[in-house]
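Chemist: Sharing upload-v5.cif, mmCIF, N, CA, C and O atoms:
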data_query
loop_
_atom_site.label_atom_id
_atom_site.label_comp_id
_atom_site.auth_asym_id
_atom_site.auth_seq_id
_atom_site.Cartn_x
_atom_site.Cartn_y
_atom_site.Cartn_z
N MET A 1 41.78 76.78 116.37
CA MET A 1 42.00 78.10 115.79
C MET A 1 40.73 78.92 115.93
O MET A 1 39.63 78.45 115.65
N TYR A 2 40.87 80.14 116.36
CA TYR A 2 39.70 80.96 116.64
C TYR A 2 39.04 81.50 115.39
O TYR A 2 37.87 81.87 115.41
N LEU A 3 39.76 81.57 114.28
CA LEU A 3 39.20 82.13 113.05
C LEU A 3 39.25 81.08 111.96
O LEU A 3 40.22 80.94 111.23
N SER A 4 38.18 80.31 111.87
CA SER A 4 38.11 79.25 110.87
C SER A 4 37.80 79.83 109.49
O SER A 4 37.32 80.96 109.38
N PRO A 5 38.06 79.08 108.44
CA PRO A 5 37.74 79.57 107.10
C PRO A 5 36.25 79.85 106.92
O PRO A 5 35.87 80.77 106.20
N GLU A 6 35.41 79.09 107.62
CA GLU A 6 33.97 79.33 107.52
C GLU A 6 33.60 80.68 108.14
O GLU A 6 32.77 81.42 107.61
N LYS A 7 34.23 81.00 109.27
CA LYS A 7 33.96 82.28 109.93
C LYS A 7 34.45 83.44 109.07
O LYS A 7 33.78 84.46 108.96
N LYS A 8 35.62 83.28 108.44
CA LYS A 8 36.13 84.32 107.55
C LYS A 8 35.17 84.53 106.38
O LYS A 8 34.87 85.67 106.01
N ARG A 9 34.70 83.43 105.79
CA ARG A 9 33.77 83.53 104.68
C ARG A 9 32.50 84.25 105.10
O ARG A 9 31.95 85.06 104.35
N GLU A 10 32.04 83.96 106.30
CA GLU A 10 30.84 84.62 106.83
C GLU A 10 31.07 86.13 107.00
O GLU A 10 30.22 86.94 106.64
N ILE A 11 32.22 86.50 107.54
CA ILE A 11 32.54 87.92 107.73
C ILE A 11 32.60 88.63 106.38
O ILE A 11 32.04 89.72 106.21
N PHE A 12 33.27 88.01 105.40
CA PHE A 12 33.39 88.63 104.09
C PHE A 12 32.04 88.72 103.38
O PHE A 12 31.76 89.71 102.71
N SER A 13 31.20 87.71 103.52
CA SER A 13 29.91 87.76 102.82
C SER A 13 28.98 88.77 103.48
O SER A 13 28.17 89.40 102.80
N ASP A 14 29.08 88.95 104.79
CA ASP A 14 28.23 89.92 105.48
C ASP A 14 28.64 91.36 105.19
O ASP A 14 27.78 92.25 105.12
N ASN A 15 29.92 91.61 105.03
CA ASN A 15 30.39 92.99 104.93
C ASN A 15 30.95 93.37 103.57
O ASN A 15 31.08 94.55 103.29
N GLY A 16 31.27 92.40 102.74
CA GLY A 16 31.77 92.72 101.41
C GLY A 16 30.63 92.83 100.42
O GLY A 16 29.45 92.74 100.76
N GLN A 17 31.00 93.01 99.17
CA GLN A 17 29.97 93.11 98.14
C GLN A 17 29.43 91.75 97.76
O GLN A 17 28.29 91.62 97.34
N ASN A 18 30.25 90.70 97.91
CA ASN A 18 29.81 89.32 97.74
C ASN A 18 30.67 88.43 98.62
O ASN A 18 31.54 88.91 99.35
N ALA A 19 30.48 87.13 98.56
CA ALA A 19 31.20 86.22 99.46
C ALA A 19 32.69 86.12 99.12
O ALA A 19 33.50 85.80 99.99
N ASP A 20 33.05 86.40 97.87
CA ASP A 20 34.45 86.30 97.46
C ASP A 20 35.19 87.63 97.56
O ASP A 20 36.35 87.72 97.20
N ASP A 21 34.53 88.65 98.05
CA ASP A 21 35.12 89.99 98.16
C ASP A 21 35.95 90.07 99.43
O ASP A 21 35.45 90.37 100.50
N THR A 22 37.25 89.79 99.30
CA THR A 22 38.12 89.81 100.48
C THR A 22 38.99 91.05 100.54
O THR A 22 39.66 91.28 101.54
N GLY A 23 38.99 91.87 99.50
CA GLY A 23 39.91 92.99 99.45
C GLY A 23 39.29 94.34 99.67
O GLY A 23 40.01 95.33 99.80
N SER A 24 37.97 94.43 99.72
CA SER A 24 37.36 95.74 99.90
C SER A 24 37.64 96.26 101.31
O SER A 24 37.81 95.48 102.25
N PRO A 25 37.70 97.57 101.47
CA PRO A 25 37.98 98.12 102.79
C PRO A 25 36.95 97.70 103.84
O PRO A 25 37.31 97.45 104.99
N GLU A 26 35.69 97.57 103.44
CA GLU A 26 34.66 97.18 104.40
C GLU A 26 34.90 95.79 104.95
O GLU A 26 34.78 95.55 106.16
N SER A 27 35.26 94.85 104.08
CA SER A 27 35.49 93.49 104.54
C SER A 27 36.76 93.41 105.38
O SER A 27 36.80 92.68 106.38
N GLN A 28 37.79 94.16 105.02
CA GLN A 28 39.02 94.16 105.81
C GLN A 28 38.78 94.78 107.19
O GLN A 28 39.28 94.27 108.19
N ILE A 29 38.03 95.85 107.25
CA ILE A 29 37.72 96.49 108.53
C ILE A 29 36.92 95.54 109.41
O ILE A 29 37.16 95.43 110.62
N ALA A 30 35.98 94.82 108.82
CA ALA A 30 35.19 93.86 109.60
C ALA A 30 36.06 92.74 110.13
O ALA A 30 35.91 92.32 111.29
N LEU A 31 36.98 92.24 109.32
CA LEU A 31 37.88 91.18 109.77
C LEU A 31 38.78 91.68 110.89
O LEU A 31 38.96 91.00 111.90
N PHE A 32 39.34 92.88 110.73
CA PHE A 32 40.19 93.43 111.78
C PHE A 32 39.40 93.66 113.06
O PHE A 32 39.91 93.43 114.15
N THR A 33 38.16 94.09 112.94
CA THR A 33 37.34 94.32 114.13
C THR A 33 37.08 93.02 114.86
O THR A 33 37.15 92.97 116.10
N TYR A 34 36.82 91.95 114.13
CA TYR A 34 36.62 90.64 114.76
C TYR A 34 37.89 90.20 115.50
O TYR A 34 37.83 89.75 116.64
N ARG A 35 39.04 90.36 114.84
CA ARG A 35 40.30 89.97 115.47
C ARG A 35 40.63 90.85 116.67
O ARG A 35 41.14 90.37 117.68
N ILE A 36 40.33 92.15 116.59
CA ILE A 36 40.58 93.06 117.70
C ILE A 36 39.73 92.68 118.90
O ILE A 36 40.21 92.66 120.04
N ASN A 37 38.48 92.35 118.66
CA ASN A 37 37.60 91.94 119.76
C ASN A 37 38.11 90.66 120.41
O ASN A 37 38.07 90.51 121.64
N HIS A 38 38.59 89.72 119.60
CA HIS A 38 39.12 88.47 120.13
C HIS A 38 40.37 88.72 120.97
O HIS A 38 40.50 88.18 122.08
N LEU A 39 41.28 89.54 120.47
CA LEU A 39 42.50 89.82 121.21
C LEU A 39 42.23 90.62 122.48
O LEU A 39 42.90 90.43 123.50
N SER A 40 41.25 91.50 122.44
CA SER A 40 40.90 92.27 123.64
C SER A 40 40.37 91.35 124.74
O SER A 40 40.73 91.52 125.91
N ALA A 41 39.56 90.39 124.35
CA ALA A 41 39.05 89.43 125.34
C ALA A 41 40.20 88.59 125.91
O ALA A 41 40.22 88.29 127.11
N HIS A 42 41.15 88.23 125.06
CA HIS A 42 42.30 87.46 125.53
C HIS A 42 43.14 88.28 126.52
O HIS A 42 43.59 87.76 127.55
N LEU A 43 43.31 89.56 126.22
CA LEU A 43 44.14 90.40 127.10
C LEU A 43 43.46 90.70 128.43
O LEU A 43 44.14 91.00 129.41
N LYS A 44 42.14 90.64 128.48
CA LYS A 44 41.46 90.83 129.76
C LYS A 44 41.79 89.70 130.73
O LYS A 44 41.87 89.91 131.93
N LYS A 45 42.01 88.50 130.18
CA LYS A 45 42.35 87.35 131.01
C LYS A 45 43.85 87.23 131.25
O LYS A 45 44.27 86.77 132.30
N ASN A 46 44.64 87.64 130.27
CA ASN A 46 46.10 87.49 130.33
C ASN A 46 46.76 88.87 130.23
O ASN A 46 47.22 89.27 129.17
N ARG A 47 46.82 89.55 131.35
CA ARG A 47 47.27 90.93 131.36
C ARG A 47 48.74 91.10 130.97
O ARG A 47 49.13 92.14 130.47
N LYS A 48 49.56 90.12 131.20
CA LYS A 48 50.99 90.28 130.96
C LYS A 48 51.45 89.72 129.61
O LYS A 48 52.63 89.55 129.38
N ASP A 49 50.53 89.46 128.72
CA ASP A 49 50.87 88.94 127.40
C ASP A 49 51.20 90.13 126.49
O ASP A 49 50.36 90.66 125.77
N PHE A 50 52.45 90.53 126.52
CA PHE A 50 52.85 91.75 125.82
C PHE A 50 52.94 91.56 124.31
O PHE A 50 52.78 92.52 123.55
N ASN A 51 53.19 90.35 123.85
CA ASN A 51 53.22 90.10 122.40
C ASN A 51 51.83 90.28 121.80
O ASN A 51 51.67 90.85 120.72
N THR A 52 50.83 89.80 122.50
CA THR A 52 49.45 89.97 122.03
C THR A 52 49.05 91.44 122.09
O THR A 52 48.35 91.94 121.21
N GLU A 53 49.52 92.13 123.10
CA GLU A 53 49.22 93.56 123.21
C GLU A 53 49.80 94.33 122.02
O GLU A 53 49.15 95.20 121.45
N ARG A 54 51.01 93.97 121.63
CA ARG A 54 51.64 94.61 120.49
C ARG A 54 50.88 94.31 119.20
O ARG A 54 50.66 95.20 118.36
N ALA A 55 50.46 93.06 119.05
CA ALA A 55 49.68 92.69 117.86
C ALA A 55 48.35 93.45 117.82
O ALA A 55 47.91 93.87 116.75
N LEU A 56 47.74 93.63 118.99
CA LEU A 56 46.49 94.37 119.06
C LEU A 56 46.68 95.82 118.62
O LEU A 56 45.88 96.36 117.85
N VAL A 57 47.74 96.45 119.08
CA VAL A 57 48.01 97.84 118.71
C VAL A 57 48.25 97.95 117.20
O VAL A 57 47.77 98.90 116.56
N LYS A 58 48.96 96.98 116.63
CA LYS A 58 49.21 97.00 115.19
C LYS A 58 47.91 96.84 114.40
O LYS A 58 47.69 97.51 113.39
N LEU A 59 47.02 95.96 114.87
CA LEU A 59 45.74 95.76 114.19
C LEU A 59 44.88 97.01 114.26
O LEU A 59 44.21 97.37 113.28
N VAL A 60 44.87 97.66 115.41
CA VAL A 60 44.09 98.88 115.55
C VAL A 60 44.62 99.95 114.59
O VAL A 60 43.85 100.68 113.96
N GLY A 61 45.93 100.02 114.43
CA GLY A 61 46.52 100.97 113.49
C GLY A 61 46.16 100.66 112.05
O GLY A 61 45.85 101.58 111.27
N LYS A 62 46.18 99.39 111.69
CA LYS A 62 45.79 99.01 110.33
C LYS A 62 44.33 99.34 110.06
O LYS A 62 43.97 99.84 108.99
N ARG A 63 43.46 99.05 111.05
CA ARG A 63 42.05 99.36 110.87
C ARG A 63 41.84 100.86 110.74
O ARG A 63 41.04 101.31 109.92
N LYS A 64 42.59 101.64 111.50
CA LYS A 64 42.49 103.10 111.42
C LYS A 64 42.90 103.59 110.04
O LYS A 64 42.27 104.50 109.48
N ASP A 65 43.94 102.98 109.45
CA ASP A 65 44.35 103.37 108.10
C ASP A 65 43.24 103.10 107.08
O ASP A 65 42.98 103.91 106.20
N PHE A 66 42.59 101.93 107.20
CA PHE A 66 41.48 101.63 106.29
C PHE A 66 40.32 102.60 106.49
O PHE A 66 39.69 103.04 105.53
N LEU A 67 40.03 102.94 107.74
CA LEU A 67 38.94 103.89 108.00
C LEU A 67 39.29 105.27 107.46
O LEU A 67 38.41 105.96 106.90
N ASP A 68 40.53 105.71 107.59
CA ASP A 68 40.95 106.99 107.04
C ASP A 68 40.83 106.99 105.52
O ASP A 68 40.42 107.99 104.91
N TYR A 69 41.18 105.87 104.90
CA TYR A 69 41.05 105.76 103.45
C TYR A 69 39.59 105.90 103.03
O TYR A 69 39.27 106.61 102.07
N LEU A 70 38.70 105.24 103.78
CA LEU A 70 37.28 105.32 103.42
C LEU A 70 36.73 106.73 103.61
O LEU A 70 35.88 107.17 102.83
N ILE A 71 37.19 107.43 104.64
CA ILE A 71 36.73 108.81 104.84
C ILE A 71 37.10 109.67 103.64
O ILE A 71 36.31 110.47 103.16
N LYS A 72 38.33 109.48 103.15
CA LYS A 72 38.81 110.31 102.05
C LYS A 72 38.12 109.97 100.73
O LYS A 72 37.89 110.85 99.91
N THR A 73 37.80 108.69 100.51
CA THR A 73 37.26 108.29 99.21
C THR A 73 35.74 108.32 99.16
O THR A 73 35.17 108.81 98.19
N ASP A 74 35.06 107.78 100.18
CA ASP A 74 33.61 107.69 100.14
C ASP A 74 33.05 107.74 101.56
O ASP A 74 33.04 106.74 102.27
N ILE A 75 32.56 108.91 101.95
CA ILE A 75 32.11 109.12 103.33
C ILE A 75 30.86 108.29 103.64
O ILE A 75 30.67 107.85 104.79
N GLU A 76 30.03 108.01 102.65
CA GLU A 76 28.83 107.22 102.90
C GLU A 76 29.17 105.77 103.23
O GLU A 76 28.54 105.16 104.10
N ARG A 77 30.14 105.21 102.54
CA ARG A 77 30.58 103.84 102.87
C ARG A 77 31.19 103.80 104.26
O ARG A 77 30.99 102.83 105.01
N TYR A 78 31.92 104.85 104.62
CA TYR A 78 32.50 104.94 105.96
C TYR A 78 31.40 104.95 107.03
O TYR A 78 31.45 104.20 108.00
N ARG A 79 30.40 105.80 106.82
CA ARG A 79 29.31 105.89 107.79
C ARG A 79 28.54 104.57 107.89
O ARG A 79 28.11 104.18 108.97
N ALA A 80 28.39 103.88 106.77
CA ALA A 80 27.67 102.62 106.78
C ALA A 80 28.42 101.55 107.56
O ALA A 80 27.83 100.82 108.36
N ILE A 81 29.74 101.47 107.38
CA ILE A 81 30.50 100.42 108.05
C ILE A 81 30.64 100.70 109.54
O ILE A 81 30.57 99.78 110.35
N ILE A 82 30.78 101.96 109.94
CA ILE A 82 30.90 102.21 111.37
C ILE A 82 29.56 102.02 112.07
O ILE A 82 29.53 101.60 113.23
N ALA A 83 28.48 102.28 111.36
CA ALA A 83 27.16 102.03 111.96
C ALA A 83 26.89 100.53 112.08
O ALA A 83 26.34 100.06 113.08
N LYS A 84 27.32 99.78 111.08
CA LYS A 84 27.08 98.33 111.08
C LYS A 84 27.90 97.63 112.15
O LYS A 84 27.42 96.75 112.84
N LEU A 85 29.17 98.03 112.30
CA LEU A 85 30.05 97.38 113.26
C LEU A 85 30.03 98.02 114.64
O LEU A 85 30.47 97.41 115.60
N GLY A 86 29.56 99.26 114.71
CA GLY A 86 29.50 99.94 116.00
C GLY A 86 30.86 100.24 116.59
O GLY A 86 31.08 100.06 117.78
N ILE A 87 31.79 100.71 115.76
CA ILE A 87 33.14 100.95 116.25
C ILE A 87 33.42 102.40 116.57
O ILE A 87 34.45 102.71 117.15
N ARG A 88 32.55 103.30 116.19
CA ARG A 88 32.73 104.72 116.48
C ARG A 88 31.43 105.28 117.02
O ARG A 88 30.39 104.65 116.97
N LYS A 89 31.50 106.50 117.50
CA LYS A 89 30.30 107.16 118.01
C LYS A 89 29.42 107.62 116.86
O LYS A 89 29.87 107.89 115.80
#
Show how you would write the structure in this file as structure tokens.
Modeler:
Amino acid sequence: MYLSPEKKREIFSDNGQNADDTGSPESQIALFTYRINHLSAHLKKNRKDFNTERALVKLVGKRKDFLDYLIKTDIERYRAIIAKLGIRK
């Protein structure tokens, strides 16, 4: 499995407020970004895997919803997470 519980814990502790913070938008965006990067690498090798392509599009949409929520609620948290993950210009 590409996403072990240890890796998830590491992602949440790096981007959340603490190691047990799994619900904050920052930690969810970081998890989605990790999964998106993994699926993108898979699709570069397997171009005709349309189920994975669909899952990737859905993940990108979910991440966009979280980013839109952060823009509306707290622009500084939004700027911090996009700078940390490097997902926007």
Chemist: Compile the contact shell of range 74-79 of chain A as a CSV table (one decimal) with N, CA, C and O atoms, keeping the file's coordinate frame: residues with an atom at most 12 Å away, counting only C-alpha atoms, same-chain residues fewer than 5 positions apart removed.
Modeler:
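Output below, filename result-v8.csv:
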chain,number,residue,atom,x,y,z
A,15,ASN,N,29.9,91.6,105.0
A,15,ASN,CA,30.4,93.0,104.9
A,15,ASN,C,31.0,93.4,103.6
A,15,ASN,O,31.1,94.6,103.3
A,16,GLY,N,31.3,92.4,102.7
A,16,GLY,CA,31.8,92.7,101.4
A,16,GLY,C,30.6,92.8,100.4
A,16,GLY,O,29.4,92.7,100.8
A,17,GLN,N,31.0,93.0,99.2
A,17,GLN,CA,30.0,93.1,98.1
A,17,GLN,C,29.4,91.8,97.8
A,17,GLN,O,28.3,91.6,97.3
A,24,SER,N,38.0,94.4,99.7
A,24,SER,CA,37.4,95.7,99.9
A,24,SER,C,37.6,96.3,101.3
A,24,SER,O,37.8,95.5,102.2
A,25,PRO,N,37.7,97.6,101.5
A,25,PRO,CA,38.0,98.1,102.8
A,25,PRO,C,37.0,97.7,103.8
A,25,PRO,O,37.3,97.4,105.0
A,26,GLU,N,35.7,97.6,103.4
A,26,GLU,CA,34.7,97.2,104.4
A,26,GLU,C,34.9,95.8,105.0
A,26,GLU,O,34.8,95.6,106.2
A,27,SER,N,35.3,94.8,104.1
A,27,SER,CA,35.5,93.5,104.5
A,27,SER,C,36.8,93.4,105.4
A,27,SER,O,36.8,92.7,106.4
A,29,ILE,N,38.0,95.8,107.2
A,29,ILE,CA,37.7,96.5,108.5
A,29,ILE,C,36.9,95.5,109.4
A,29,ILE,O,37.2,95.4,110.6
A,30,ALA,N,36.0,94.8,108.8
A,30,ALA,CA,35.2,93.9,109.6
A,30,ALA,C,36.1,92.7,110.1
A,30,ALA,O,35.9,92.3,111.3
A,64,LYS,N,42.6,101.6,111.5
A,64,LYS,CA,42.5,103.1,111.4
A,64,LYS,C,42.9,103.6,110.0
A,64,LYS,O,42.3,104.5,109.5
A,66,PHE,N,42.6,101.9,107.2
A,66,PHE,CA,41.5,101.6,106.3
A,66,PHE,C,40.3,102.6,106.5
A,66,PHE,O,39.7,103.0,105.5
A,67,LEU,N,40.0,102.9,107.7
A,67,LEU,CA,38.9,103.9,108.0
A,67,LEU,C,39.3,105.3,107.5
A,67,LEU,O,38.4,106.0,106.9
A,68,ASP,N,40.5,105.7,107.6
A,68,ASP,CA,41.0,107.0,107.0
A,68,ASP,C,40.8,107.0,105.5
A,68,ASP,O,40.4,108.0,104.9
A,69,TYR,N,41.2,105.9,104.9
A,69,TYR,CA,41.0,105.8,103.4
A,69,TYR,C,39.6,105.9,103.0
A,69,TYR,O,39.3,106.6,102.1
A,84,LYS,N,27.3,99.8,111.1
A,84,LYS,CA,27.1,98.3,111.1
A,84,LYS,C,27.9,97.6,112.2
A,84,LYS,O,27.4,96.8,112.8
A,85,LEU,N,29.2,98.0,112.3
A,85,LEU,CA,30.0,97.4,113.3
A,85,LEU,C,30.0,98.0,114.6
A,85,LEU,O,30.5,97.4,115.6
A,86,GLY,N,29.6,99.3,114.7
A,86,GLY,CA,29.5,99.9,116.0
A,86,GLY,C,30.9,100.2,116.6
A,86,GLY,O,31.1,100.1,117.8
A,87,ILE,N,31.8,100.7,115.8
A,87,ILE,CA,33.1,101.0,116.2
A,87,ILE,C,33.4,102.4,116.6
A,87,ILE,O,34.4,102.7,117.2
A,88,ARG,N,32.6,103.3,116.2
A,88,ARG,CA,32.7,104.7,116.5
A,88,ARG,C,31.4,105.3,117.0
A,88,ARG,O,30.4,104.6,117.0
A,89,LYS,N,31.5,106.5,117.5
A,89,LYS,CA,30.3,107.2,118.0
A,89,LYS,C,29.4,107.6,116.9
A,89,LYS,O,29.9,107.9,115.8
Chemist: To one decimal place, how far is CA of Leu70 in chain A from CA of Glu53 in chain A in Å?
Modeler: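 So the two atoms, CA of Leu70 in chain A and CA of Glu53 in chain A, lie 25.9 Å apart.
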Chemist: I'd like the interatomic distance between atom C of Gly23 in chain A and atom N of Thr52 in chain A, to a tenth of an Å.
Modeler: 26.0 Å
Chemist: Can you measure CA of Val57 in chain A to CA of Ser13 in chain A for me? One decimal in Å is fine.
Modeler: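 Taking CA of Val57 in chain A and CA of Ser13 in chain A, their separation equals 26.1 Å.
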Chemist: Name the residues of range 9-83 of chain A that fall into helix (DSSP H, G or I) according to DSSP on the backbone, using the chain letters and numbers of this document, as a PyMOL selection string.
Modeler: chain A and resi 9-15+25-45+50-73+75-83
